4 protein chains.
Amino acid sequence: MDKVIRKEDLIQDPQPFADQWRYCIGTGRLGLALRKEYLDALEQVQKDIGFRYIRGHGLFHEDIGIYQEYEWQGETKVLYNFHLIDQIFDSFLRMDLKPFIELGFMPHQIASGEQTIFWWKGNVTPPKDYQKWNELVRHTIQHFIERYGIEEVLTWPIEVWNEPNLVNFWEHADQKEYFKLYRETVWTIKSIHPDLQVGGPAICGGTDYWMKDFLDFCEQEGLPVDFLSRHAYSSEPPERIPFAVYQNLSPSDSLLNDFKSGREYLKDSAFPDVPVHITEFNTSYNPTNPLHDTAYNAAYLGRVISQGGDYADSFSYWTFSDVFEELGVPTSLFHGGFGLMAYHGIKKPTYFLYEFFAKLTGDTLYRDDEIHIVKRKDNSIALVAWNCVSEKEDVPPVEVTLELPVTDGFYFIKKSTVNEEVGNAWNAWRMMGRPRFPSAEQVTTLKGIAVPGITISQEQTSKGTLTVSFEMKKNEVTLVEIELVREETQPYDGLDDEKLISYRN
Amino acid sequence: MDKVIRKEDLIQDPQPFADQWRYCIGTGRLGLALRKEYLDALEQVQKDIGFRYIRGHGLFHEDIGIYQEYEWQGETKVLYNFHLIDQIFDSFLRMDLKPFIELGFMPHQIASGEQTIFWWKGNVTPPKDYQKWNELVRHTIQHFIERYGIEEVLTWPIEVWNEPNLVNFWEHADQKEYFKLYRETVWTIKSIHPDLQVGGPAICGGTDYWMKDFLDFCEQEGLPVDFLSRHAYSSEPPERIPFAVYQNLSPSDSLLNDFKSGREYLKDSAFPDVPVHITEFNTSYNPTNPLHDTAYNAAYLGRVISQGGDYADSFSYWTFSDVFEELGVPTSLFHGGFGLMAYHGIKKPTYFLYEFFAKLTGDTLYRDDEIHIVKRKDNSIALVAWNCVSEKEDVPPVEVTLELPVTDGFYFIKKSTVNEEVGNAWNAWRMMGRPRFPSAEQVTTLKGIAVPGITISQEQTSKGTLTVSFEMKKNEVTLVEIELVREETQPYDGLDDEKLISYRN
Amino acid sequence: MDKVIRKEDLIQDPQPFADQWRYCIGTGRLGLALRKEYLDALEQVQKDIGFRYIRGHGLFHEDIGIYQEYEWQGETKVLYNFHLIDQIFDSFLRMDLKPFIELGFMPHQIASGEQTIFWWKGNVTPPKDYQKWNELVRHTIQHFIERYGIEEVLTWPIEVWNEPNLVNFWEHADQKEYFKLYRETVWTIKSIHPDLQVGGPAICGGTDYWMKDFLDFCEQEGLPVDFLSRHAYSSEPPERIPFAVYQNLSPSDSLLNDFKSGREYLKDSAFPDVPVHITEFNTSYNPTNPLHDTAYNAAYLGRVISQGGDYADSFSYWTFSDVFEELGVPTSLFHGGFGLMAYHGIKKPTYFLYEFFAKLTGDTLYRDDEIHIVKRKDNSIALVAWNCVSEKEDVPPVEVTLELPVTDGFYFIKKSTVNEEVGNAWNAWRMMGRPRFPSAEQVTTLKGIAVPGITISQEQTSKGTLTVSFEMKKNEVTLVEIELVREETQPYDGLDDEKLISYRN
Amino acid sequence: MDKVIRKEDLIQDPQPFADQWRYCIGTGRLGLALRKEYLDALEQVQKDIGFRYIRGHGLFHEDIGIYQEYEWQGETKVLYNFHLIDQIFDSFLRMDLKPFIELGFMPHQIASGEQTIFWWKGNVTPPKDYQKWNELVRHTIQHFIERYGIEEVLTWPIEVWNEPNLVNFWEHADQKEYFKLYRETVWTIKSIHPDLQVGGPAICGGTDYWMKDFLDFCEQEGLPVDFLSRHAYSSEPPERIPFAVYQNLSPSDSLLNDFKSGREYLKDSAFPDVPVHITEFNTSYNPTNPLHDTAYNAAYLGRVISQGGDYADSFSYWTFSDVFEELGVPTSLFHGGFGLMAYHGIKKPTYFLYEFFAKLTGDTLYRDDEIHIVKRKDNSIALVAWNCVSEKEDVPPVEVTLELPVTDGFYFIKKSTVNEEVGNAWNAWRMMGRPRFPSAEQVTTLKGIAVPGITISQEQTSKGTLTVSFEMKKNEVTLVEIELVREETQPYDGLDDEKLISYRN
């Protein structure tokens, strides 16, 4: 079904397209941020997309080792060891990324139980002694303030724990215990500086009423709440095979509905104005779902990136890179990881969705569920379109026609595209025989393929209207950039391409 | 007209495809080799193509300043100043490039006349005192030996002067004087070490009999000749406009015929076995002919790269980069320069011709005037095809079909293409309005466009035959690489793309 | 003679030490800014010192080639070619350096005469047609505005010509003609934007009355003057040898007196408040005076860096690097060049003088003619001291003792020193036999030597006073940094160096 | 006590000083080789020192995850996952380092017990099923051959396990079980290719008779042995404090004696000619002994580096970097780690010992227990001297005087020194108050201090003898390099430093 967007369809009073979509990005556990491959990937992401915050698990995990109890002269003492976390946060800040702090999991020396999560065994039980937990939080935040300055740390949101409403992430998903943890933590932090930003409950979907319960609890106990946070995934129950899962997805509405839920709960609470952060979202919540590697994943999320900012103050894609090891060391180059970027710096289609949206810096001229058009400061026009198709069959491409009211002249039009074939490393990898551990040459080939296809053209206006048409193939995501051709002031005297063998003007 | 290459067309006893085509590359005057943009470009060229020698004018020019006469206590003395040439040769060698030395032009302090060439005023008159010239040559070569070692310098060909058969390059194109210069020079060098390699006469076309005269002269005078050198261009007289020229080209045969001429003259001479070096070649000899920037230039030269090695021991494309200033500072991003690479590291179609040929490392399975196929050591097959079309009209693409006798299985086929639209920065630049001095954003766009278009596929053999087909558009140059798909030893248990939304196996 | 600085000698109300000394730095002709070695050197300089502006000759010279007249269809036209200057200014701005523009010299196509200066033949004659000059200026400034934005270009001072009071730099040192040039130029620029900053007369010493004449002329003609500029050198007439000169120096007062002269002339003029820029200064004005390479040069200039800002709004060291070719290609690694940095990135003593002063970011606690002490924001104390000795004999070191009123505790004291032996590459080069064209190994040795000697110590206060003593050898320049030792909050339980073999607490 | 080395003390027939000392270097567990800091450090080490092999624990550990058992359709299968080890070995080879493979520890899925070692829980129990172990070894080695080629892998020594004679590293230090492991492993590997090099028993000191037992066992069972390996440390029992230990050291003889033991056992065995590899050595075996950070450690090891090659085919310093986590995340910048290099790329004194020895490329002219002198190919002379002092008291420096028979002339002498103050970051860190987690500025200061002090001089010979004297302070390590000053062929006419203010010739 073809689409025509006419002049009269455009927004009369265009408003800036805010970029909540790049407020924050998710990462594998913080300990991975010491790796070269991780850092190289993140640097590339920042160059191409430019997120502002980064959030991941494992701040208090043993591989970073902040909490170290020891005995000395008959006394139990604690050494707070910031050696590695300093390196990690230094790296983030050097790349213009601020930490979106998630407090967790529990250092085993102060854990009340043995339950752990993930290959790397993050302990998910409450503290056996809240005073020790509070001291840990206090020393940690104070250290950050000493190292980075209070002005800086005041801009870092601090989220208490991760998905306490899941039994895997918080022993028994014990709400009462979580609320206690929140109370202890928020007072500890506010005692350092009242403007430090603390929030929760960082829940995953399924038991959304936790948000209401949380707000009610904080109201009753007079606790500060600086933001409300939750997660959103749209995948259904998995079918498991040895190193992967398959899942269906709910429509992308379901993600937007989850985004909306925060403000709905807040509206009727004692905290109507605090921001809502979707501190994780993706299609599937499983890091071995091959869907993450596909063009479908990108096309599916187009609408979410375009519209999510209507409902939430941030929504953080989980995660930027496949350097991520919750279920063990990934067993293949492509393995269904969350990453925008696969190993070896190979960009997935969803990476390009983000990279394309990063070009939409301006006022929204038009948008619907398949396209988002902006006018930029320099009067150029840019749009991202996506064509999400769930059917397995080949479908005919959609023809998009756009009429733009512009200054008369010639326009340079640059179209950058990824779809199931173009710019699609996963597809190429399948054709190569899915090499688990590709050779250097294979990596080079895949990186060469993992770039958007670019086509350019020049179009002339007719009576103040520029008509631009393009086709959208199945699961294609496209960026179109339209710029007035500016004749150089100094003409090229005598120029005549007709005089070149084989060429015409 | 479509082309079919059948199994029986293949060479039964394939021989290695030697790479005389990348033995040497031309450069703008050596003084430019101090520039960052030049060095960055050369580094990229070496990474992608890997030439072995580099040759350019201006060794003895004042901007390098080797020869410096001065007065001291009533005496005229000479300081030989190797400060800059050391930097330049150090840079070359660091990039695995050896100097192909061209002795010239004349330091003005020992020149007999005032005639100069180029914007930078290279003096083209004989020495006023051959002893001073000989001293200059001796000190220079000796310095190179001290700095780089005799083993190294013995591998550097030393060519006496440049195009002495043109009045622009050698006063009056005085043959007798040139022969004197050769005699003086060759004895000077041989007195340092008898195995240093000296040659000439480095002529441009038009008066090819100079080669015979030169060989006869050397025979008569008993002079050593270690190689014979000449240049080859196929362009006809220019039509000039302010900052460019237009020219017709003779067919590419004419270049190959020029390449052949050296061995023909040698055959009947006293030096039948010395190598022939085509120390410069290109389509047009003019650095402002826009043809150099086009896909036509690349497609035209395909045959020359493929076959030139049959006739000459090297043939050196003039030049690797548009950082080249014979006619003054270039007046625009694209300006018809010789370079494989335009300014700002933007690759031209002919760059990709070379980059593609650099993948043909193996035995020649087949070649004709439009295609060259090799089998590589790892049994993969690679070919470069070109479709040079001089007509201005659009012409239908040529369908190429190839039948290859191979091990049965699935094959991964990667096609990399440049043509008049794809991978063609010059074309994009025209559509942009030919910005003379492009902004950083425009440069980024052009570099993004200046990459080959890549398409991949997987094909299955049928009874030991793999059939590969592809289309060649007008002035297209294409690299096809064909590799057996190797199934990973460890199967992906349970894998079934059919279970992915929207995908099929 | 030893020096003691007591508490009561310190300034009671310390004021910020402004950094006019790093407002601007000089460079060899702009065309050199395309070289890799130049750019690498400048990047290092900016990292270590951080100048804000850069000024050099040759904006309109043929090696940049902005002005290109040509004929087309019987008409003379001009192409303004900004290809190279864009590259150059892009590089500067990328390194946080703004151009301090010097308009000159004269493109030969519009020069009225043949007189040139320097090896590279800058034409120093008036325009033969002021309209063409004005067009050149207009197109150039307008191009900068288009490329870099008007906000940016408004911050670039524009100086009309260079040293017109010298016959070498301006034909006949014709004052009347210069004033005409100024009038034409200033009106051309102000017609583009009235807030563009234009100034002159950029004179060298000797005929300082030009400043008065210039101000009077501008007043009479009603011309804008946005700044007054002049140069300052303290060397006396040279004794010449083939590739060097020897000169005596006037005392450093003479430089400061030159700095002062601008405000004195302004005071009584119609432009009492415009800034004074010393757009060049150094000891010797000759780029082959070995003094530039010595520790003496650094020690001599200590006072000037410390006090120059009292008298001028900027004073620009001429120049940052020995990549500088006014008298031809330098004939040796060390050759008396102006540069803070010799070839190959080797730092001279004066480089360290600047690097040391770059640490004096704070309020001046004390200064005299041999020392400058500041207190920094973090309460640390830093000082630079210098001990300039003109005698050839060895002299005993000066003992400096400093009493500082500080918080009680232990202090970490770091002393960084260069003198005639320490951190002195020129001295090492002499011992090596003055290799003209050093090998890579020799360069590595010299770079290893060209670092300040560092000594550290820990001192304890006594009753609120910290006493710091150090020796100053002949021609030594020293940076001392003094910081309170902060005990880590977490003690190292059980630590006892006494238990280490060979060590004590 | 001063030292004089006379001409007649020199070796008459000098032989090459072989570099077994840089045959191999130790590393923290291989999983750390993914970290950026680790890789940066290793790159620096390779640039300055240039080891040839690298050996570390943890090849089969879960953080690399090679062995992954899983269930599929009722069957237990194994996925061999080489994703991370490929990255790691790729990195090593890119830096010209080959793996010295250590097979271990036991993947928990095939371990027979629960015993682990280190914070990262390496399992040290025998396989529960030797067939699974053999398959793991076979797949692993075969994968290396596929990826890197058999030619390459044939050059990698393969050591079976680590320190099986210690109960911590091999359950019950069960010799019989270790021999079984060796037998199974060696046959598995030899069945892949008979020239793959396998060895053991990789013991630590204390029960050296294991070497005899091992050789006897192999003889009896007819097992191949390609090399014999052991470890050597000279530290005595520790006194422990919370995050460090203190230990005395035996004299450095004890290390050399350990080195010798291998050949002694071999001599009388069935394998008299196989090489001996000391696959680990250091002063203390504890990664929290502050001695590792000191100048004493460097001076103590001077003799071992100089003489160790007499007794062993390699001896591998344990380890190159403090990025090493056997006892948890280090709790401070300096913490007594094994590394030649501390965190943040800060070089320790022992780093310089190695860097100095890397300059001794030539024939040994003289050596004793405190000095090693070589003559290099270019006739320059280089020596390393060390002055190890165990007393806590200050001791007077040792004066060393050297008489060298050389060509008459002037010599350039460069002395590079580290001792307890000079080039000593640990000492500076102590003065700074031992900052656990230093700021960026503190790191910069420490890196500035952690460079050898350089002093230069020029000495003239007298009748064919060059006399060189220098002082050695307590725990100083010094490199002296002596080169003939070569006068430039072109004299500097008129040069006269006497004409420079303040200078003399």
# chains A, B, ... in the order shown; residues from 1 in each chain; ligands from 1

$ residues_around --residues "region 4-17 of chain A" --least-positions-apart "4" --cutoff "12 Å" --atoms "only C-alpha atoms" --output "PyMOL selection string"
chain A and resi 21-22+305-310+357-368+370-377+382-383+398-406+464-471

$ write_last_selection --atoms "N, CA and C atoms" --output "short mmCIF file (atom, residue, chain, number, x, y, z; two decimals), in the first residue's frame"
data_model
loop_
_atom_site.label_atom_id
_atom_site.label_comp_id
_atom_site.auth_asym_id
_atom_site.auth_seq_id
_atom_site.Cartn_x
_atom_site.Cartn_y
_atom_site.Cartn_z
N TRP A 21 15.11 9.45 23.23
CA TRP A 21 15.55 8.12 22.74
C TRP A 21 17.06 7.93 22.88
N ARG A 22 17.81 9.01 22.97
CA ARG A 22 19.25 8.78 23.19
C ARG A 22 19.72 9.33 24.53
N ILE A 305 11.11 4.40 18.65
CA ILE A 305 12.08 5.51 18.75
C ILE A 305 11.39 6.83 18.43
N SER A 306 10.55 6.80 17.42
CA SER A 306 9.89 8.03 16.99
C SER A 306 8.93 8.57 18.04
N GLN A 307 8.21 7.68 18.69
CA GLN A 307 7.09 8.14 19.53
C GLN A 307 7.34 7.96 21.02
N GLY A 308 8.34 7.18 21.39
CA GLY A 308 8.54 6.87 22.80
C GLY A 308 8.70 8.11 23.67
N GLY A 309 9.31 9.14 23.12
CA GLY A 309 9.55 10.36 23.89
C GLY A 309 8.28 11.08 24.28
N ASP A 310 7.16 10.73 23.65
CA ASP A 310 5.87 11.32 24.06
C ASP A 310 5.47 10.86 25.45
N PHE A 357 18.30 8.02 13.24
CA PHE A 357 17.54 8.97 14.08
C PHE A 357 18.44 10.08 14.60
N ALA A 358 19.71 9.77 14.78
CA ALA A 358 20.63 10.81 15.26
C ALA A 358 20.77 11.96 14.25
N LYS A 359 20.33 11.73 13.02
CA LYS A 359 20.35 12.81 12.01
C LYS A 359 19.09 13.66 12.07
N LEU A 360 18.10 13.23 12.83
CA LEU A 360 16.83 13.98 12.88
C LEU A 360 16.89 15.05 13.97
N THR A 361 17.77 15.98 13.79
CA THR A 361 17.93 17.06 14.77
C THR A 361 17.22 18.29 14.25
N GLY A 362 15.97 18.44 14.61
CA GLY A 362 15.25 19.62 14.13
C GLY A 362 13.80 19.54 14.56
N ASP A 363 12.95 20.23 13.82
CA ASP A 363 11.53 20.29 14.17
C ASP A 363 10.76 19.25 13.37
N THR A 364 9.86 18.58 14.06
CA THR A 364 9.06 17.55 13.40
C THR A 364 8.06 18.17 12.42
N LEU A 365 8.22 17.82 11.15
CA LEU A 365 7.32 18.33 10.10
C LEU A 365 6.13 17.40 9.91
N TYR A 366 6.39 16.15 10.20
CA TYR A 366 5.34 15.15 9.97
C TYR A 366 5.78 13.86 10.64
N ARG A 367 4.84 13.13 11.17
CA ARG A 367 5.16 11.75 11.53
C ARG A 367 3.90 10.92 11.56
N ASP A 368 4.05 9.66 11.25
CA ASP A 368 3.00 8.68 11.48
C ASP A 368 3.69 7.40 11.94
N GLU A 370 4.98 5.03 10.45
CA GLU A 370 6.04 4.46 9.60
C GLU A 370 7.08 5.47 9.14
N ILE A 371 6.92 6.71 9.56
CA ILE A 371 7.86 7.73 9.05
C ILE A 371 7.96 8.89 10.04
N HIS A 372 9.10 9.54 10.05
CA HIS A 372 9.29 10.72 10.90
C HIS A 372 10.13 11.71 10.10
N ILE A 373 9.57 12.91 9.88
CA ILE A 373 10.23 13.92 9.04
C ILE A 373 10.55 15.15 9.87
N VAL A 374 11.77 15.64 9.74
CA VAL A 374 12.10 16.90 10.43
C VAL A 374 12.71 17.90 9.46
N LYS A 375 12.61 19.14 9.85
CA LYS A 375 13.34 20.21 9.16
C LYS A 375 14.45 20.64 10.10
N ARG A 376 15.67 20.68 9.56
CA ARG A 376 16.81 21.02 10.40
C ARG A 376 17.08 22.53 10.35
N LYS A 377 17.92 22.95 11.26
CA LYS A 377 18.23 24.39 11.41
C LYS A 377 18.68 25.02 10.10
N ALA A 382 15.20 16.04 6.75
CA ALA A 382 15.66 14.67 6.96
C ALA A 382 14.50 13.84 7.45
N LEU A 383 14.46 12.60 7.02
CA LEU A 383 13.40 11.72 7.49
C LEU A 383 13.95 10.32 7.71
N VAL A 398 6.81 -0.79 -0.59
CA VAL A 398 5.89 0.34 -0.44
C VAL A 398 6.52 1.55 -1.12
N GLU A 399 5.73 2.23 -1.94
CA GLU A 399 6.22 3.46 -2.59
C GLU A 399 5.82 4.64 -1.72
N VAL A 400 6.78 5.44 -1.33
CA VAL A 400 6.49 6.62 -0.51
C VAL A 400 6.71 7.86 -1.36
N THR A 401 5.72 8.74 -1.38
CA THR A 401 5.86 10.00 -2.12
C THR A 401 5.61 11.16 -1.17
N LEU A 402 6.45 12.13 -1.31
CA LEU A 402 6.47 13.22 -0.34
C LEU A 402 6.46 14.52 -1.12
N GLU A 403 5.56 15.43 -0.77
CA GLU A 403 5.57 16.76 -1.40
C GLU A 403 6.01 17.78 -0.37
N LEU A 404 7.09 18.46 -0.66
CA LEU A 404 7.63 19.39 0.32
C LEU A 404 7.59 20.81 -0.20
N PRO A 405 7.09 21.74 0.60
CA PRO A 405 7.09 23.14 0.19
C PRO A 405 8.47 23.73 0.47
N VAL A 406 9.19 24.06 -0.54
CA VAL A 406 10.57 24.53 -0.34
C VAL A 406 10.89 25.68 -1.29
N GLY A 464 7.68 25.77 -6.29
CA GLY A 464 7.79 25.73 -4.83
C GLY A 464 7.53 24.39 -4.20
N THR A 465 7.41 23.37 -4.99
CA THR A 465 7.20 22.05 -4.41
C THR A 465 8.28 21.08 -4.88
N LEU A 466 8.84 20.39 -3.91
CA LEU A 466 9.79 19.33 -4.24
C LEU A 466 9.09 18.01 -3.99
N THR A 467 9.09 17.17 -5.01
CA THR A 467 8.47 15.86 -4.86
C THR A 467 9.57 14.81 -4.76
N VAL A 468 9.52 14.05 -3.68
CA VAL A 468 10.54 13.03 -3.44
C VAL A 468 9.84 11.69 -3.30
N SER A 469 10.30 10.71 -4.06
CA SER A 469 9.71 9.37 -3.98
C SER A 469 10.77 8.34 -3.70
N PHE A 470 10.40 7.35 -2.95
CA PHE A 470 11.33 6.25 -2.75
C PHE A 470 10.53 5.01 -2.34
N GLU A 471 11.18 3.89 -2.53
CA GLU A 471 10.56 2.60 -2.22
C GLU A 471 11.08 2.07 -0.90
#

$ residues_around --residues "Ala299 (chain C)" --least-positions-apart "5" --cutoff "7 Å" --atoms "only C-alpha atoms" --output "PyMOL selection string"
chain C and resi 386-388+475-477

$ write_last_selection --atoms "C-alpha atoms" --output "mmCIF file, in the first residue's frame"
data_model
loop_
_atom_site.group_PDB
_atom_site.id
_atom_site.type_symbol
_atom_site.label_atom_id
_atom_site.label_comp_id
_atom_site.auth_asym_id
_atom_site.auth_seq_id
_atom_site.Cartn_x
_atom_site.Cartn_y
_atom_site.Cartn_z
ATOM 1 C CA TRP C 386 65.023 31.494 36.284
ATOM 2 C CA ASN C 387 68.664 32.361 36.670
ATOM 3 C CA CYS C 388 69.971 34.161 33.622
ATOM 4 C CA ASN C 475 70.808 29.531 33.124
ATOM 5 C CA GLU C 476 68.448 27.229 34.901
ATOM 6 C CA VAL C 477 64.689 27.481 34.655
#

$ interface_residues --of "chain B" --to "chain C" --cutoff "10 Å" --atoms "only C-alpha atoms" --output "PyMOL selection string"
chain B and resi 32-40+62-66+68-73+77+79-84+86-87+90+119-120+147-148+241-243+325+328-333+343-344+436-440

$ residues_around --residues "Thr188 (chain B)" --least-positions-apart "4" --cutoff "9 Å" --atoms "only C-alpha atoms" --output "list in words"
Asn134, Glu135, Val137, Arg138, Arg183, Glu184 and Ile192 of chain B

$ atom_distance --atom1 "CA of Ala18 (chain D)" --atom2 "CA of Phe352 (chain D)"
18.8 Å

$ atom_distance --atom1 "CA of Thr455 (chain A)" --atom2 "CA of Trp429 (chain B)"
12.9 Å

$ residues_around --residues "Tyr53 (chain B)" --least-positions-apart "5" --cutoff "9 Å" --atoms "only C-alpha atoms" --output "ChimeraX atom specification"
/B:22-26,92,96-100,156,316

$ atom_distance --atom1 "CA of Ala202 (chain C)" --atom2 "CA of Ile54 (chain C)"
15.0 Å

$ select_by_dssp --residues "region 28-221 of chain D" --states "helix (DSSP H, G or I)" --output "VMD selection string"
chain D and resid 30 to 34 36 to 48 83 to 94 108 to 110 130 to 148 150 to 153 171 to 173 175 to 192 209 to 221

$ closest_residue --among "D:Thr444, D:Asp322, D:Pro287, D:Asn248" --to "Ser390 (chain D)" --atoms "only C-alpha atoms"
D:Asn248

$ residues_around --residues "region 218-221 of chain A" --least-positions-apart "4" --cutoff "12 Å" --atoms "only C-alpha atoms" --output "PyMOL selection string"
chain A and resi 178-184+186-187+198-201+210-214+225-228+266+268-272

$ select_by_dssp --residues "region 167-338 of chain C" --states "strand (DSSP E or B)" --output "PyMOL selection string"
chain C and resi 198-203+227-233+235+239-241+244-246+249+276-282+314-317+321

$ residues_around --residues "Trp161 (chain A)" --least-positions-apart "3" --cutoff "6 Å" --atoms "only C-alpha atoms" --output "PDB file with N, CA, C and O atoms, in the first residue's frame"
ATOM      1  N   GLU A 102      22.891   2.151  38.879  1.00  0.00           N
ATOM      2  CA  GLU A 102      21.983   1.133  39.418  1.00  0.00           C
ATOM      3  C   GLU A 102      22.684   0.513  40.623  1.00  0.00           C
ATOM      4  O   GLU A 102      23.760  -0.070  40.485  1.00  0.00           O
ATOM      5  N   LEU A 103      22.097   0.642  41.800  1.00  0.00           N
ATOM      6  CA  LEU A 103      22.728   0.118  43.010  1.00  0.00           C
ATOM      7  C   LEU A 103      22.439  -1.373  43.120  1.00  0.00           C
ATOM      8  O   LEU A 103      21.292  -1.768  43.354  1.00  0.00           O
ATOM      9  N   GLY A 104      23.459  -2.192  42.972  1.00  0.00           N
ATOM     10  CA  GLY A 104      23.284  -3.634  43.073  1.00  0.00           C
ATOM     11  C   GLY A 104      24.441  -4.322  42.399  1.00  0.00           C
ATOM     12  O   GLY A 104      25.285  -3.655  41.818  1.00  0.00           O
TER      13      GLY A 104
END

$ residues_around --residues "Asp253 (chain D)" --least-positions-apart "2" --cutoff "12 Å" --atoms "only C-alpha atoms" --output "NGL selection string"
:D and (232-234 or 249-251 or 255-260 or 283 or 300-305 or 307-308 or 369)

$ closest_residue --among "D:Phe169, D:Gly423, D:Tyr67, D:Trp318" --to "His139 (chain D)" --atoms "only C-alpha atoms"
D:Tyr67
